[in-house]
Amino acid sequence: MIEAHGLARTFKSRGAVVEAVRGIDLAVEAGEIVGLLGPNGAGKTTTQRMLATLLLPTAGEATVAGCDLRRDPIGVRRQLGYVSQSGGTNPAAKVDEELVTQAQLYGMTRAAARTRAGELRALLDLGDLGDRVIKTLSGGQRRRLDIALGLMHAPRLVFLDEPSTGLDPQTRANLWTHIRDLQDRAGATILLTTHYLEEADALCDRILIIDAGKIVASGTPEDLKRRISGDLVTFEVDDVARASELLRGRPEARDVTSVERGLRVTVDRGETQALPLMRALDDAGVKVSSLHIAHPSLDDVFLTLTGRSLRDAPAA
Amino acid sequence: MTELDYYHYLRTLDQEPIEIPMLRDAMITFRYQMRLLLREPIWIVIVMVQPLLYLALFAPLLDSVAKTPGFPPGDAWQVFVPGLLIQLGIFGSMFVGFGIIAEIRFGTVERMRVTPASRFGLLFGRVLRDTVVLLIQAALLTLIAVAFGLRVPLLGALITVGIVGLLGISLASLSYAAGLWLKSEDALAPLLNMVSVPVLLLSGILLPMTLAPPWLRHLAQLNPFSHVVDGARAAFRNDLGDGSLVIGLVSAALLAVVGLAIAVRTFQRESA
C-alpha cells in the first residue's frame with residue numbers, strides 16, 4: 001500500500017538548514033495498522049505530510065496506494081484519507097456542512113454525501129449532531145468529526161496524525177476502538193503517528209520507531225520489546241548467592257542482577273522460561289518465595305535504541 | 001451487499017467522469033463559503049457603512065468643487081459615485097486575506113488541499129463568494145445614491161458594477177495570495193495599509209485627477225486603478241464610446257486575470 005525509499009526533507013529557516021527527515025525507507029502492506037512512534041520533532045508528521053502530497057520531498061521516491069507520489073499526486077489524494085494533528089474544521093460551520101462539502105470535493109454527489117455523512121455519524125457516535133455548529137462540540141466529538149471527514153470518501157488508506165492527542169483517557173480508549181473497527185470492518189490500511197507508547201502498543205500491528213528523522217527500529221510491539229530488552233523475571237529467594245551462581249549457569253538467562261532479597265533475570269520469554277528456572281532453583285534446594293514477570297515497555301525500547309526516554313526527549 | 005463491497009462501491013463514486021471538475025469544485029466551495037458568511041451577515045452591512053458615510057458626509061462638499069475649472073464633465077454625483085463604487089471594490093475585497101489566515105489556523109485549508117479538488121476551484125469558489133457579495137453591495141450603493149439625487153443611465157451603472165466585480169476578483173485573489181504567503185494577521189494588516197493608501201490617493205477616487213498638478217497626474221497614470229476610475233466615470237456619463245471606458249475595462253480585466261494567476265500559483269505552491 002505504501003512503499004518509500006530514501007524519503008528526505010530539509011527545511012531552510014533563517015539561513016540554517018534543518019534536516020527534518022533524513023532518508024526513510026518504509027513499506028506498509030494492505031490492511032495493516034502501522035505506527036510511526038517517536039518524540040516531538042522526530043520527523044513523524046513531516047514523513048506523513050510528504051506521503052500525503054502536502055509537502056514535496058527533497059529526495060526519495062514513494063508509491064502510495066499504487067500511485068507515484070511525484071508523478072500522480074492526484075491519484076494519491078483520491079485514495080487517501082488524511083486526518084491532521086490539529087484537525088480541520090471551521091468552528092462556525094455545521095457538522096454536516098463540513099462532511100458533505102468534503103465528500104463533494106472527492107466527487108461524490110450531494111445525495112450520496114448526505115447518506116454517507118449519516119452513516120459515519122452513527123459509526124463514530126456523532127449520531128444526531130449533524131445540525132450542530134462545530135464550536136459547540138466537545139473535544140472528543142470534534143476529534144471524531146475530524147476522523148469522519150477523513151473517511152467520507154471511504155479511502156483504502158488512512159493517515160492519522162496523533163489521533164488522540166489532547167483527549168482524556170476514556171475518550172482515547174473509545175477512539176482506539178473506532179480505529180480498530182476501521183481496519184476490521186472497512187479493511188482500511190492505517191498509518192498513524194503517535195508519541196504515546198500506550199497508543200502504539202494498543203493499536204499497531206507494526207511500529208516504526210523514528211528518531212531525529214530516521215527509522216531506528218521496526219517490528220510488532222511484542223517483537224520490538226522482546227528483541228531489545230527481553231522480559232524481566234524477578235525471584236525472591238532465601239539464598240541469593242547460590243541462586244545467583246545457579247542462574248548464571250543457565251543458557252536462557254541473558255543477564256542476572258541482584259536486587260533486594262532476590263535476583264532479576266533477563267530472558268527472552270518470561271511466560272515460558274520463568275517456570276523451568278524456578279524448578280531448577282527448587283531442585284537445588286533454594287527456596288523461592290515469590291516470582292514476578294515484567295514485560296518491558298516501548299519506553300524501555302526507545303531508551304535502549306536512542307539512549308533517552310521517549311517521555312523526556314526534547315521537543316526539537 | 002457486504003460491508004467491503006459497499007466500501008468498494010463508494011470508492012467507485014469518485015471515479016465517475018465529471019464535466020468540468022474545476023468549476024464544480026469552485027461551486028462546491030462557493031456554496032460552502034456563502035453559507036458560512038450568511039450565518040453572520042452583519043459583516044456584509046459593516047463593509048457598506050464606510051461608503052454610505054462618504055455619500056452622506058463628503059459628497060455634499062462636492063457641489064462647490066464641481067464649479068472649479070478642470071473638474072471633469074458631469075455633475076458632482078456622476079463624478080463622485082463611480083469613485084465610491086471603485087473604493088468599495090477595493091476596500092470591500094482586499095481584507096478577505098484575513099479570512100484565509102483564519103482558515104489556515106482552523107486547518108480547513110490543509111484539509112481541502114489533501115482532496116483531489118482543483119486548486120483553482122478551491123480558490124475561485126472563495127473569490128466568487130467575495131465578488132457576489134461585492135456586486136450586491138455595489139448595486140445597493142448605487143440605488144441609495146440615486147435616492148440622494150444621482151442621475152445615471154442604467155447601462156452605464158451596470159457596466160460600472162461589472163467593473164467593480166472585476167476589481168473584486170483581482171483584489172480578493174491578491175489578498176488571499178498575501179494571506180497564504182504571510183500566514184499571519186500581524187503581517188498582513190500593515191501590508192494592506194501600505195498598499196491601499198497610495199492606491200487610493202493616486203486613483204482620483206476622492207477628487208478627480210484632472211484637478212491635479214501635472215507631476216501628480218503623470219504618477220497617477222501609472223496606477224491601473226486610476227484608469228478604472230476614469231472608465232467608470234465615462235460609463236456614468238453614458239459616454240460609452242469614450243476611449244477611457246475601454247481602457248478602464250481592459251485595466252480591470254487585466255487586474256482580475258493577473259490577481260487570479262498569482263493567487264492560483266500561491267495556492268499550488270506546496271508550502272502555502
# chains A, B, ... in the order shown; residues from 1 in each chain; ligands from 1

call {"tool": "residues_around", "arguments": {"residues": "segment 119-132 of chain A", "least_positions_apart": "2", "cutoff": "6 Å", "atoms": "only C-alpha atoms", "output": "PyMOL selection string"}}
result
chain A and resi 94-96+116-117

call {"tool": "interface_residues", "arguments": {"of": "chain A", "to": "chain B", "cutoff": "7 Å", "atoms": "only C-alpha atoms", "output": "list in words"}}
result
Ala52, Leu54, Leu55, Leu56, Ile74, Arg77, Arg78, Ser86, Gly87, Gly88, Thr89, Asn90, Ala92, Ala93, Thr101, Leu105, Tyr106, Gly107, Met108, His153, Ala154 and Ala186 of chain A

call {"tool": "select_by_dssp", "arguments": {"residues": "segment 66-251 of chain A", "states": "strand (DSSP E)", "output": "VMD selection string"}}
result
chain A and resid 67 to 68 80 to 83 157 to 161 189 to 194 206 to 211 214 to 219 231 to 237

call {"tool": "write_last_selection", "arguments": {"atoms": "N, CA and C atoms", "output": "mmCIF file, in the first residue's frame"}}
result
data_model
loop_
_atom_site.group_PDB
_atom_site.id
_atom_site.type_symbol
_atom_site.label_atom_id
_atom_site.label_comp_id
_atom_site.auth_asym_id
_atom_site.auth_seq_id
_atom_site.Cartn_x
_atom_site.Cartn_y
_atom_site.Cartn_z
ATOM 1 N N CYS A 67 -0.009 4.733 -6.589
ATOM 2 C CA CYS A 67 0.270 5.911 -7.406
ATOM 3 C C CYS A 67 1.620 6.500 -7.008
ATOM 4 N N ASP A 68 2.350 6.943 -8.020
ATOM 5 C CA ASP A 68 3.640 7.561 -7.750
ATOM 6 C C ASP A 68 3.426 8.933 -7.113
ATOM 7 N N LEU A 80 -6.632 8.491 -0.514
ATOM 8 C CA LEU A 80 -6.104 8.688 0.822
ATOM 9 C C LEU A 80 -7.062 9.510 1.680
ATOM 10 N N GLY A 81 -7.246 9.070 2.923
ATOM 11 C CA GLY A 81 -7.947 9.906 3.890
ATOM 12 C C GLY A 81 -6.912 10.419 4.872
ATOM 13 N N TYR A 82 -6.872 11.737 5.069
ATOM 14 C CA TYR A 82 -5.822 12.309 5.911
ATOM 15 C C TYR A 82 -6.453 13.085 7.053
ATOM 16 N N VAL A 83 -6.057 12.758 8.259
ATOM 17 C CA VAL A 83 -6.564 13.477 9.435
ATOM 18 C C VAL A 83 -5.366 14.103 10.131
ATOM 19 N N LEU A 157 -6.801 3.905 2.268
ATOM 20 C CA LEU A 157 -5.635 4.197 3.089
ATOM 21 C C LEU A 157 -5.944 5.421 3.942
ATOM 22 N N VAL A 158 -5.676 5.330 5.235
ATOM 23 C CA VAL A 158 -5.992 6.438 6.129
ATOM 24 C C VAL A 158 -4.735 6.837 6.903
ATOM 25 N N PHE A 159 -4.434 8.125 6.913
ATOM 26 C CA PHE A 159 -3.339 8.649 7.721
ATOM 27 C C PHE A 159 -3.934 9.371 8.920
ATOM 28 N N LEU A 160 -3.489 8.997 10.108
ATOM 29 C CA LEU A 160 -3.945 9.706 11.305
ATOM 30 C C LEU A 160 -2.716 10.304 11.978
ATOM 31 N N ASP A 161 -2.706 11.613 12.121
ATOM 32 C CA ASP A 161 -1.570 12.273 12.758
ATOM 33 C C ASP A 161 -1.941 12.543 14.212
ATOM 34 N N THR A 189 -6.212 0.379 5.416
ATOM 35 C CA THR A 189 -4.828 0.387 5.860
ATOM 36 C C THR A 189 -4.605 1.702 6.591
ATOM 37 N N ILE A 190 -3.953 1.652 7.731
ATOM 38 C CA ILE A 190 -3.821 2.872 8.527
ATOM 39 C C ILE A 190 -2.365 3.136 8.871
ATOM 40 N N LEU A 191 -1.942 4.354 8.618
ATOM 41 C CA LEU A 191 -0.608 4.784 9.049
ATOM 42 C C LEU A 191 -0.818 5.909 10.049
ATOM 43 N N LEU A 192 -0.438 5.676 11.298
ATOM 44 C CA LEU A 192 -0.660 6.724 12.282
ATOM 45 C C LEU A 192 0.651 7.135 12.930
ATOM 46 N N THR A 193 0.688 8.357 13.398
ATOM 47 C CA THR A 193 1.851 8.808 14.159
ATOM 48 C C THR A 193 1.409 8.988 15.597
ATOM 49 N N THR A 194 2.328 8.766 16.506
ATOM 50 C CA THR A 194 1.974 8.967 17.903
ATOM 51 C C THR A 194 3.242 9.136 18.727
ATOM 52 N N ARG A 206 2.257 -3.040 13.561
ATOM 53 C CA ARG A 206 3.689 -2.871 13.393
ATOM 54 C C ARG A 206 4.062 -1.435 13.772
ATOM 55 N N ILE A 207 5.247 -1.289 14.335
ATOM 56 C CA ILE A 207 5.683 0.035 14.781
ATOM 57 C C ILE A 207 7.006 0.362 14.116
ATOM 58 N N LEU A 208 7.118 1.593 13.635
ATOM 59 C CA LEU A 208 8.393 2.094 13.152
ATOM 60 C C LEU A 208 8.831 3.147 14.160
ATOM 61 N N ILE A 209 9.957 2.900 14.793
ATOM 62 C CA ILE A 209 10.430 3.886 15.764
ATOM 63 C C ILE A 209 11.290 4.887 15.029
ATOM 64 N N ILE A 210 10.941 6.144 15.164
ATOM 65 C CA ILE A 210 11.604 7.186 14.400
ATOM 66 C C ILE A 210 12.211 8.189 15.372
ATOM 67 N N ASP A 211 13.468 8.516 15.115
ATOM 68 C CA ASP A 211 14.158 9.459 15.992
ATOM 69 C C ASP A 211 15.101 10.296 15.145
ATOM 70 N N LYS A 214 15.143 9.610 11.343
ATOM 71 C CA LYS A 214 15.485 8.293 10.792
ATOM 72 C C LYS A 214 14.688 7.219 11.504
ATOM 73 N N ILE A 215 14.440 6.114 10.770
ATOM 74 C CA ILE A 215 13.797 4.981 11.422
ATOM 75 C C ILE A 215 14.887 4.174 12.111
ATOM 76 N N VAL A 216 14.769 4.020 13.431
ATOM 77 C CA VAL A 216 15.826 3.331 14.166
ATOM 78 C C VAL A 216 15.470 1.880 14.466
ATOM 79 N N ALA A 217 14.193 1.503 14.369
ATOM 80 C CA ALA A 217 13.808 0.113 14.572
ATOM 81 C C ALA A 217 12.401 -0.084 14.052
ATOM 82 N N SER A 218 12.073 -1.329 13.700
ATOM 83 C CA SER A 218 10.694 -1.601 13.305
ATOM 84 C C SER A 218 10.345 -3.043 13.641
ATOM 85 N N GLY A 219 9.070 -3.299 13.854
ATOM 86 C CA GLY A 219 8.601 -4.645 14.186
ATOM 87 C C GLY A 219 7.263 -4.572 14.888
ATOM 88 N N ASP A 231 12.283 -10.082 28.604
ATOM 89 C CA ASP A 231 11.421 -9.932 29.763
ATOM 90 C C ASP A 231 12.260 -10.001 31.030
ATOM 91 N N LEU A 232 11.742 -9.396 32.065
ATOM 92 C CA LEU A 232 12.455 -9.390 33.339
ATOM 93 C C LEU A 232 11.717 -10.291 34.322
ATOM 94 N N VAL A 233 12.457 -11.328 34.836
ATOM 95 C CA VAL A 233 11.858 -12.222 35.820
ATOM 96 C C VAL A 233 12.571 -11.979 37.144
ATOM 97 N N THR A 234 11.783 -11.644 38.156
ATOM 98 C CA THR A 234 12.384 -11.375 39.462
ATOM 99 C C THR A 234 11.990 -12.482 40.441
ATOM 100 N N PHE A 235 13.000 -13.134 41.044
ATOM 101 C CA PHE A 235 12.762 -14.175 42.056
ATOM 102 C C PHE A 235 13.129 -13.625 43.417
ATOM 103 N N GLU A 236 12.275 -13.896 44.372
ATOM 104 C CA GLU A 236 12.643 -13.597 45.758
ATOM 105 C C GLU A 236 13.101 -14.909 46.375
ATOM 106 N N VAL A 237 14.348 -14.985 46.831
ATOM 107 C CA VAL A 237 14.895 -16.265 47.299
ATOM 108 C C VAL A 237 15.527 -16.122 48.682
#

call {"tool": "select_by_dssp", "arguments": {"residues": "segment 92-257 of chain B", "states": "alpha helix (DSSP H)", "output": "PyMOL selection string"}}
result
chain B and resi 92-93+97-106+108-113+119-148+154-182+185-201+214-221+224-236+243-257

call {"tool": "atom_distance", "arguments": {"atom1": "atom CA of Gln221 of chain B", "atom2": "atom CA of Val132 of chain B"}}
result
29.2 Å

call {"tool": "residues_around", "arguments": {"residues": "Ser244 of chain A", "least_positions_apart": "4", "cutoff": "12 Å", "atoms": "only C-alpha atoms", "output": "ChimeraX atom specification"}}
result
/A:234-240,248-250,253,255-259,261-265,277,280-281,284,286

call {"tool": "residues_around", "arguments": {"residues": "Val257 of chain B", "least_positions_apart": "3", "cutoff": "12 Å", "atoms": "only C-alpha atoms", "output": "number ranges by chain"}}
result
B: 124, 166-174, 250-254, 260-264

call {"tool": "write_last_selection", "arguments": {"atoms": "N, CA and C atoms", "output": "JSON list (two decimals), in the first residue's frame"}}
result
[["chain", "number", "residue", "atom", "x", "y", "z"],
["B", 124, "PHE", "N", -11.13, 29.83, -6.47],
["B", 124, "PHE", "CA", -12.10, 30.64, -7.18],
["B", 124, "PHE", "C", -13.46, 30.62, -6.49],
["B", 166, "LEU", "N", -14.95, 42.94, -11.43],
["B", 166, "LEU", "CA", -13.60, 42.55, -11.88],
["B", 166, "LEU", "C", -12.55, 42.95, -10.85],
["B", 167, "LEU", "N", -12.72, 44.16, -10.30],
["B", 167, "LEU", "CA", -11.79, 44.60, -9.26],
["B", 167, "LEU", "C", -11.86, 43.68, -8.05],
["B", 168, "GLY", "N", -13.08, 43.25, -7.73],
["B", 168, "GLY", "CA", -13.26, 42.34, -6.59],
["B", 168, "GLY", "C", -12.49, 41.05, -6.81],
["B", 169, "ILE", "N", -12.62, 40.48, -8.03],
["B", 169, "ILE", "CA", -11.90, 39.24, -8.35],
["B", 169, "ILE", "C", -10.41, 39.46, -8.15],
["B", 170, "SER", "N", -9.92, 40.60, -8.67],
["B", 170, "SER", "CA", -8.49, 40.87, -8.61],
["B", 170, "SER", "C", -8.01, 41.01, -7.18],
["B", 171, "LEU", "N", -8.67, 41.89, -6.41],
["B", 171, "LEU", "CA", -8.16, 42.20, -5.08],
["B", 171, "LEU", "C", -8.41, 41.09, -4.08],
["B", 172, "ALA", "N", -9.54, 40.38, -4.22],
["B", 172, "ALA", "CA", -9.77, 39.24, -3.33],
["B", 172, "ALA", "C", -8.69, 38.19, -3.58],
["B", 173, "SER", "N", -8.40, 37.92, -4.85],
["B", 173, "SER", "CA", -7.36, 36.93, -5.17],
["B", 173, "SER", "C", -6.03, 37.34, -4.58],
["B", 174, "LEU", "N", -5.64, 38.60, -4.81],
["B", 174, "LEU", "CA", -4.34, 39.06, -4.30],
["B", 174, "LEU", "C", -4.30, 39.02, -2.78],
["B", 250, "VAL", "N", -10.43, 47.26, -19.85],
["B", 250, "VAL", "CA", -9.27, 46.40, -20.10],
["B", 250, "VAL", "C", -8.39, 46.34, -18.84],
["B", 251, "SER", "N", -8.19, 47.51, -18.20],
["B", 251, "SER", "CA", -7.37, 47.52, -16.97],
["B", 251, "SER", "C", -7.98, 46.62, -15.91],
["B", 252, "ALA", "N", -9.30, 46.74, -15.72],
["B", 252, "ALA", "CA", -9.96, 45.94, -14.69],
["B", 252, "ALA", "C", -9.84, 44.46, -15.01],
["B", 253, "ALA", "N", -10.04, 44.11, -16.30],
["B", 253, "ALA", "CA", -9.97, 42.70, -16.69],
["B", 253, "ALA", "C", -8.54, 42.17, -16.48],
["B", 254, "LEU", "N", -7.55, 42.98, -16.86],
["B", 254, "LEU", "CA", -6.16, 42.57, -16.67],
["B", 254, "LEU", "C", -5.85, 42.37, -15.18],
["B", 260, "LEU", "N", -5.82, 36.63, -10.16],
["B", 260, "LEU", "CA", -6.17, 35.21, -10.08],
["B", 260, "LEU", "C", -4.95, 34.33, -10.33],
["B", 261, "ALA", "N", -4.16, 34.70, -11.34],
["B", 261, "ALA", "CA", -3.00, 33.87, -11.69],
["B", 261, "ALA", "C", -2.02, 33.80, -10.52],
["B", 262, "ILE", "N", -1.77, 34.96, -9.91],
["B", 262, "ILE", "CA", -0.84, 34.98, -8.77],
["B", 262, "ILE", "C", -1.39, 34.13, -7.63],
["B", 263, "ALA", "N", -2.69, 34.27, -7.38],
["B", 263, "ALA", "CA", -3.27, 33.54, -6.25],
["B", 263, "ALA", "C", -3.26, 32.03, -6.49],
["B", 264, "VAL", "N", -3.58, 31.61, -7.72],
["B", 264, "VAL", "CA", -3.59, 30.17, -8.00],
["B", 264, "VAL", "C", -2.18, 29.61, -7.85]]

call {"tool": "residues_around", "arguments": {"residues": "segment 21-34 of chain A", "least_positions_apart": "3", "cutoff": "8 Å", "atoms": "only C-alpha atoms", "output": "count of residues only"}}
result
33

call {"tool": "closest_residue", "arguments": {"among": "B:Val164, B:Ile144, B:Leu206, B:Val79", "to": "Asp130 of chain B", "atoms": "only C-alpha atoms"}}
result
B:Val164

call {"tool": "closest_residue", "arguments": {"among": "B:Gly74, B:Leu55, B:Ala147, B:Gly259", "to": "Asp239 of chain B", "atoms": "only C-alpha atoms"}}
result
B:Gly74

call {"tool": "atom_distance", "arguments": {"atom1": "atom CA of Leu200 of chain B", "atom2": "atom CA of Ser64 of chain B"}}
result
22.4 Å

call {"tool": "atom_distance", "arguments": {"atom1": "atom CA of Ile90 of chain B", "atom2": "atom CA of Gly70 of chain B"}}
result
26.1 Å
